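Data from start10.txt: compact mmCIF, C-alpha atoms
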# COMPACT_ATOMS: atom_id res chain seq x y z
CA MET A 1 10.07 -102.35 -91.36
CA THR A 2 6.32 -102.71 -90.97
CA LYS A 3 4.31 -100.44 -88.72
CA VAL A 4 4.16 -101.70 -85.15
CA ASN A 5 1.48 -101.47 -82.51
CA ILE A 6 3.32 -100.23 -79.42
CA SER A 7 0.71 -101.70 -77.07
CA ASP A 8 1.47 -105.16 -78.48
CA ILE A 9 5.12 -104.78 -77.46
CA ILE A 10 4.89 -103.06 -74.07
CA LYS A 11 3.11 -105.49 -71.75
CA LYS A 12 3.57 -103.35 -68.63
CA SER A 13 5.15 -99.98 -67.89
CA VAL A 14 6.03 -98.31 -64.60
CA ASP A 15 7.82 -95.08 -63.73
CA CYS A 16 11.13 -96.04 -62.10
CA TYR A 17 12.24 -92.49 -61.40
CA ASP A 18 10.76 -89.02 -61.88
CA GLY A 19 13.14 -86.15 -61.12
CA PHE A 20 15.11 -83.75 -63.33
CA PHE A 21 15.00 -86.64 -65.79
CA LYS A 22 12.58 -89.53 -65.99
CA MET A 23 13.15 -93.28 -66.18
CA LYS A 24 10.53 -95.84 -67.21
CA CYS A 25 10.70 -99.62 -66.81
CA HIS A 26 8.96 -101.57 -69.58
CA THR A 27 8.11 -105.26 -69.68
CA ILE A 28 8.34 -106.07 -73.40
CA GLN A 29 7.98 -108.81 -75.99
CA TYR A 30 8.33 -108.45 -79.76
CA GLN A 31 8.46 -110.46 -82.96
CA GLN A 32 12.02 -111.40 -83.91
CA PHE A 33 13.47 -111.42 -87.43
CA ASP A 34 12.86 -115.17 -87.77
CA GLY A 35 9.15 -114.67 -86.98
CA SER A 36 9.27 -116.12 -83.47
CA MET A 37 8.42 -114.11 -80.37
CA SER A 38 11.16 -112.92 -78.03
CA LYS A 39 11.16 -113.88 -74.39
CA ILE A 40 9.26 -111.46 -72.16
CA HIS A 41 11.92 -109.28 -70.59
CA GLN A 42 12.47 -105.86 -69.01
CA ARG A 43 14.17 -102.76 -70.37
CA GLU A 44 14.62 -99.38 -68.73
CA VAL A 45 14.38 -96.25 -70.85
CA PHE A 46 15.69 -92.78 -70.07
CA VAL A 47 12.88 -90.40 -71.06
CA ARG A 48 13.76 -86.92 -72.34
CA ASP A 49 12.00 -84.13 -74.16
CA PRO A 50 13.21 -83.52 -77.72
CA THR A 51 16.43 -81.54 -78.09
CA VAL A 52 17.82 -79.21 -80.74
CA ALA A 53 21.37 -78.34 -81.77
CA VAL A 54 22.90 -76.03 -84.37
CA LEU A 55 26.10 -75.92 -86.38
CA LEU A 56 27.12 -72.24 -86.54
CA TYR A 57 29.45 -71.80 -89.50
CA ASP A 58 31.48 -68.82 -90.73
CA GLU A 59 32.27 -69.42 -94.41
CA ASN A 60 34.81 -66.55 -94.62
CA GLN A 61 36.88 -67.98 -91.76
CA ASN A 62 36.01 -71.63 -92.54
CA SER A 63 35.28 -71.93 -88.82
CA VAL A 64 32.57 -73.21 -86.52
CA LEU A 65 31.50 -72.23 -83.03
CA LEU A 66 31.71 -74.90 -80.35
CA THR A 67 30.53 -74.72 -76.77
CA GLU A 68 32.43 -76.19 -73.83
CA GLN A 69 30.68 -77.05 -70.59
CA PHE A 70 30.64 -79.49 -67.70
CA ARG A 71 28.75 -82.73 -68.40
CA VAL A 72 28.25 -85.30 -65.65
CA GLY A 73 28.09 -88.35 -67.98
CA PRO A 74 31.83 -88.64 -68.75
CA LEU A 75 32.59 -88.91 -65.02
CA GLU A 76 31.14 -92.43 -65.13
CA ASN A 77 33.96 -93.32 -67.55
CA GLN A 78 36.65 -91.54 -65.52
CA ALA A 79 36.87 -89.03 -68.39
CA ASN A 80 37.22 -85.26 -68.57
CA PRO A 81 33.70 -83.87 -67.93
CA TRP A 82 34.23 -80.64 -69.93
CA VAL A 83 32.88 -81.53 -73.36
CA PHE A 84 32.93 -79.66 -76.68
CA GLU A 85 29.51 -79.56 -78.30
CA LEU A 86 27.20 -77.62 -80.58
CA PRO A 87 24.94 -74.97 -79.05
CA ALA A 88 21.94 -77.04 -77.99
CA GLY A 89 19.03 -77.32 -75.64
CA ILE A 90 15.72 -78.91 -74.70
CA VAL A 91 12.53 -78.06 -76.56
CA GLU A 92 9.97 -76.98 -73.99
CA GLN A 93 6.45 -78.47 -74.04
CA GLY A 94 4.50 -76.95 -76.94
CA GLU A 95 7.48 -74.95 -78.20
CA ASP A 96 8.40 -74.81 -81.90
CA LYS A 97 11.83 -76.38 -82.51
CA ILE A 98 13.14 -73.39 -84.50
CA VAL A 99 12.03 -70.99 -81.75
CA ALA A 100 13.75 -73.21 -79.17
CA MET A 101 16.94 -73.28 -81.24
CA GLN A 102 17.09 -69.52 -81.68
CA ARG A 103 16.55 -69.07 -77.92
CA GLU A 104 19.37 -71.51 -77.16
CA ILE A 105 21.75 -69.84 -79.64
CA LEU A 106 21.26 -66.49 -77.94
CA GLU A 107 21.53 -67.91 -74.41
CA GLU A 108 24.60 -70.07 -75.07
CA THR A 109 26.58 -67.97 -77.56
CA GLY A 110 25.33 -64.37 -77.57
CA TYR A 111 24.67 -64.56 -81.32
CA ASP A 112 21.30 -63.78 -82.90
CA CYS A 113 21.01 -65.51 -86.26
CA LYS A 114 18.54 -67.19 -88.56
CA ILE A 115 18.35 -70.96 -89.01
CA GLU A 116 19.08 -71.77 -92.66
CA SER A 117 18.53 -75.49 -93.05
CA LEU A 118 17.91 -78.80 -91.37
CA ILE A 119 20.81 -81.25 -91.09
CA GLY A 120 18.68 -84.07 -89.71
CA GLU A 121 16.95 -85.75 -86.79
CA PHE A 122 18.72 -88.47 -84.84
CA TYR A 123 18.23 -90.84 -81.92
CA LEU A 124 21.23 -90.31 -79.67
CA SER A 125 21.20 -93.62 -77.82
CA PRO A 126 18.13 -95.66 -78.83
CA GLY A 127 19.18 -98.69 -76.78
CA GLY A 128 18.30 -96.83 -73.60
CA SER A 129 16.78 -93.41 -74.36
CA ASN A 130 13.89 -91.97 -76.35
CA GLU A 131 15.77 -88.69 -76.96
CA VAL A 132 15.57 -87.37 -80.51
CA THR A 133 17.73 -84.40 -81.42
CA THR A 134 17.17 -82.15 -84.41
CA ILE A 135 20.35 -80.56 -85.81
CA TYR A 136 20.19 -77.31 -87.78
CA PHE A 137 22.67 -75.26 -89.80
CA ALA A 138 23.17 -71.50 -89.72
CA GLN A 139 25.81 -69.17 -91.15
CA VAL A 140 27.04 -66.30 -89.03
CA ALA A 141 30.06 -64.00 -88.86
CA LEU A 142 31.94 -65.45 -85.91
CA ASP A 143 33.67 -62.52 -84.25
CA LYS A 144 33.34 -63.09 -80.50
CA SER A 145 33.78 -65.80 -77.90
CA GLY A 146 32.91 -65.67 -74.24
CA VAL A 147 31.17 -67.31 -71.31
CA HIS A 148 27.39 -67.60 -71.52
CA GLY A 149 24.41 -69.50 -70.17
CA VAL A 150 21.39 -69.07 -67.94
CA GLU A 151 22.46 -68.72 -64.31
CA SER A 152 19.18 -70.10 -62.95
CA GLU A 153 19.86 -73.31 -64.94
CA ASN A 154 23.43 -73.57 -63.58
CA GLU A 155 24.85 -73.07 -67.05
CA ASP A 156 28.51 -72.10 -67.42
CA ILE A 157 29.19 -72.30 -71.15
CA LYS A 158 32.39 -71.17 -72.84
CA THR A 159 32.36 -70.65 -76.61
CA HIS A 160 35.25 -71.35 -78.96
CA ILE A 161 35.72 -70.39 -82.61
CA VAL A 162 37.47 -73.36 -84.21
CA THR A 163 38.68 -73.87 -87.78
CA LEU A 164 37.30 -76.89 -89.60
CA ASP A 165 40.78 -78.41 -89.68
CA LYS A 166 41.04 -78.11 -85.89
CA ALA A 167 37.51 -79.50 -85.47
CA GLY A 168 38.55 -82.51 -87.59
CA GLU A 169 41.51 -83.09 -85.27
CA MET A 170 39.16 -82.89 -82.26
CA ILE A 171 36.99 -85.65 -83.78
CA GLN A 172 40.08 -87.88 -84.06
CA GLN A 173 40.99 -87.08 -80.44
CA GLY A 174 37.51 -88.00 -79.16
CA LYS A 175 36.88 -84.50 -77.79
CA LEU A 176 33.49 -83.85 -79.42
CA SER A 177 29.93 -84.95 -78.74
CA VAL A 178 28.22 -87.24 -81.27
CA THR A 179 25.95 -84.47 -82.58
CA THR A 180 28.97 -82.27 -83.24
CA GLY A 181 30.70 -85.03 -85.17
CA LEU A 182 27.57 -85.71 -87.25
CA ALA A 183 27.12 -82.02 -88.07
CA LEU A 184 30.77 -81.62 -89.08
CA MET A 185 30.56 -84.66 -91.36
CA TRP A 186 27.41 -83.16 -92.92
CA LEU A 187 29.26 -79.89 -93.53
CA GLN A 188 32.18 -81.74 -95.11
CA ALA A 189 29.85 -83.71 -97.40
CA ARG A 190 28.06 -80.46 -98.34
CA ALA A 191 31.37 -78.84 -99.25
CA LEU A 192 32.42 -81.85 -101.34
CA SER A 193 29.15 -81.91 -103.28
CA SER A 194 29.31 -78.18 -104.03
CA ASN A 195 32.86 -78.58 -105.42
CA LYS A 196 31.71 -81.14 -108.03

Final structure tokens representation of the file:
Amino acid sequence: MTKVNISDIIKKSVDCYDGFFKMKCHTIQYQQFDGSMSKIHQREVFVRDPTVAVLLYDENQNSVLLTEQFRVGPLENQANPWVFELPAGIVEQGEDKIVAMQREILEETGYDCKIESLIGEFYLSPGGSNEVTTIYFAQVALDKSGVHGVESENEDIKTHIVTLDKAGEMIQQGKLSVTTGLALMWLQARALSSNK
């Protein structure tokens, strides 16, 4: 894909909503794959600061730590709003991603550990959001679960130590967030390549 000039695509932009989250409405037109120009049309985009997540893995137990908390999104699908995820959070303006991740690990799990490697950066829903999440990997001795979170942010986060086999079953049952599934697949691929 060639480099694009954003100002050639976005003809007009207005803020539709500015609250806890932000929504922008863009009037856009772009060159299509056949070389012709698209019709001028509107798209709304959910604007979020970057996020970070971490896969906490205990090699001795072959287990990972998952968080469980209330998420409003599934309610729109008449689904259970308590979702299993990776420890994660929003990167504050000007904050280093690693610093943000270590803060979130401590707040959401009670563990204090060092980030070992980058799994990757991903758009979560590029059809309607600019959110990019960076997923990290860290090894830690998982020896405690509990309820954590920052009270002033209305967080009520329960942690679970789950074997990789159980986590695989949870993927099949649709109980995990997309970032959790991606991180677990990365871990599986890492294990397969180290066994060769």

Residue contacts of stretch 147-164 of chain A (10 Å, all atoms listed in the file) excluding same-chain residues fewer than 2 positions away, as a ChimeraX atom specification: /A:56-58,61-70,82,84-87,104-110,142-145,166-170,184,187-188

Take the residues from that selection and write them out as a PDB file, keeping the file's coordinate frame, keeping C-alpha atoms.
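Okay, result_38.pdb is ready:
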ATOM      1  CA  LEU A  56      27.120 -72.240 -86.540  1.00  0.00           C
ATOM      2  CA  TYR A  57      29.450 -71.800 -89.500  1.00  0.00           C
ATOM      3  CA  ASP A  58      31.480 -68.820 -90.730  1.00  0.00           C
ATOM      4  CA  GLN A  61      36.880 -67.980 -91.760  1.00  0.00           C
ATOM      5  CA  ASN A  62      36.010 -71.630 -92.540  1.00  0.00           C
ATOM      6  CA  SER A  63      35.280 -71.930 -88.820  1.00  0.00           C
ATOM      7  CA  VAL A  64      32.570 -73.210 -86.520  1.00  0.00           C
ATOM      8  CA  LEU A  65      31.500 -72.230 -83.030  1.00  0.00           C
ATOM      9  CA  LEU A  66      31.710 -74.900 -80.350  1.00  0.00           C
ATOM     10  CA  THR A  67      30.530 -74.720 -76.770  1.00  0.00           C
ATOM     11  CA  GLU A  68      32.430 -76.190 -73.830  1.00  0.00           C
ATOM     12  CA  GLN A  69      30.680 -77.050 -70.590  1.00  0.00           C
ATOM     13  CA  PHE A  70      30.640 -79.490 -67.700  1.00  0.00           C
ATOM     14  CA  TRP A  82      34.230 -80.640 -69.930  1.00  0.00           C
ATOM     15  CA  PHE A  84      32.930 -79.660 -76.680  1.00  0.00           C
ATOM     16  CA  GLU A  85      29.510 -79.560 -78.300  1.00  0.00           C
ATOM     17  CA  LEU A  86      27.200 -77.620 -80.580  1.00  0.00           C
ATOM     18  CA  PRO A  87      24.940 -74.970 -79.050  1.00  0.00           C
ATOM     19  CA  GLU A 104      19.370 -71.510 -77.160  1.00  0.00           C
ATOM     20  CA  ILE A 105      21.750 -69.840 -79.640  1.00  0.00           C
ATOM     21  CA  LEU A 106      21.260 -66.490 -77.940  1.00  0.00           C
ATOM     22  CA  GLU A 107      21.530 -67.910 -74.410  1.00  0.00           C
ATOM     23  CA  GLU A 108      24.600 -70.070 -75.070  1.00  0.00           C
ATOM     24  CA  THR A 109      26.580 -67.970 -77.560  1.00  0.00           C
ATOM     25  CA  GLY A 110      25.330 -64.370 -77.570  1.00  0.00           C
ATOM     26  CA  LEU A 142      31.940 -65.450 -85.910  1.00  0.00           C
ATOM     27  CA  ASP A 143      33.670 -62.520 -84.250  1.00  0.00           C
ATOM     28  CA  LYS A 144      33.340 -63.090 -80.500  1.00  0.00           C
ATOM     29  CA  SER A 145      33.780 -65.800 -77.900  1.00  0.00           C
ATOM     30  CA  LYS A 166      41.040 -78.110 -85.890  1.00  0.00           C
ATOM     31  CA  ALA A 167      37.510 -79.500 -85.470  1.00  0.00           C
ATOM     32  CA  GLY A 168      38.550 -82.510 -87.590  1.00  0.00           C
ATOM     33  CA  GLU A 169      41.510 -83.090 -85.270  1.00  0.00           C
ATOM     34  CA  MET A 170      39.160 -82.890 -82.260  1.00  0.00           C
ATOM     35  CA  LEU A 184      30.770 -81.620 -89.080  1.00  0.00           C
ATOM     36  CA  LEU A 187      29.260 -79.890 -93.530  1.00  0.00           C
ATOM     37  CA  GLN A 188      32.180 -81.740 -95.110  1.00  0.00           C
TER      38      GLN A 188
END

Give me, as a tab-separated table (two decimals) with C-alpha atoms, keeping the file's coordinate frame, all polymer residues having an atom no more than 12 Å from A:Val91, counting all atoms listed in the file and skipping those fewer than 3 positions away in the same chain.
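Written output follows (out04.tsv):
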chain	number	residue	atom	x	y	z
A	48	ARG	CA	13.76	-86.92	-72.34
A	49	ASP	CA	12.00	-84.13	-74.16
A	50	PRO	CA	13.21	-83.52	-77.72
A	51	THR	CA	16.43	-81.54	-78.09
A	52	VAL	CA	17.82	-79.21	-80.74
A	53	ALA	CA	21.37	-78.34	-81.77
A	88	ALA	CA	21.94	-77.04	-77.99
A	94	GLY	CA	4.50	-76.95	-76.94
A	95	GLU	CA	7.48	-74.95	-78.20
A	96	ASP	CA	8.40	-74.81	-81.90
A	97	LYS	CA	11.83	-76.38	-82.51
A	98	ILE	CA	13.14	-73.39	-84.50
A	99	VAL	CA	12.03	-70.99	-81.75
A	100	ALA	CA	13.75	-73.21	-79.17
A	101	MET	CA	16.94	-73.28	-81.24
A	102	GLN	CA	17.09	-69.52	-81.68
A	103	ARG	CA	16.55	-69.07	-77.92
A	104	GLU	CA	19.37	-71.51	-77.16
A	131	GLU	CA	15.77	-88.69	-76.96
A	132	VAL	CA	15.57	-87.37	-80.51
A	133	THR	CA	17.73	-84.40	-81.42
A	134	THR	CA	17.17	-82.15	-84.41

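Using all atoms listed in the file, the protein and nucleic acid residues lying no more than 8 Å from A:Asn130, apart from those fewer than 3 places from it along its own chain, are Val45, Phe46, Val47, Arg48, Tyr123, Ser125 and Pro126 of chain A.
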
A:Asn80, A:Gly89, A:Lys12, A:Lys39 ranked by distance to A:Thr27, top pick (using all atoms listed in the file): A:Lys12

Between atom CA of A:Ala191 and atom CA of A:Asn60 - distance in Å to one decimal: 13.6 Å

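What separates atom CA of A:Gln173 from atom CA of A:Ala79 is a distance of 12.9 Å.
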
For atom CA of A:Ile135 and atom CA of A:Ser177, the interatomic separation in Å (one decimal): 12.7 Å

Among the residues A:Cys16, A:Met23, A:Met37, A:Leu55, the one that comes closest to A:Gly181 [using only C-alpha atoms]: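 Residue with the minimum atom-to-atom distance to A:Gly181: A:Leu55.
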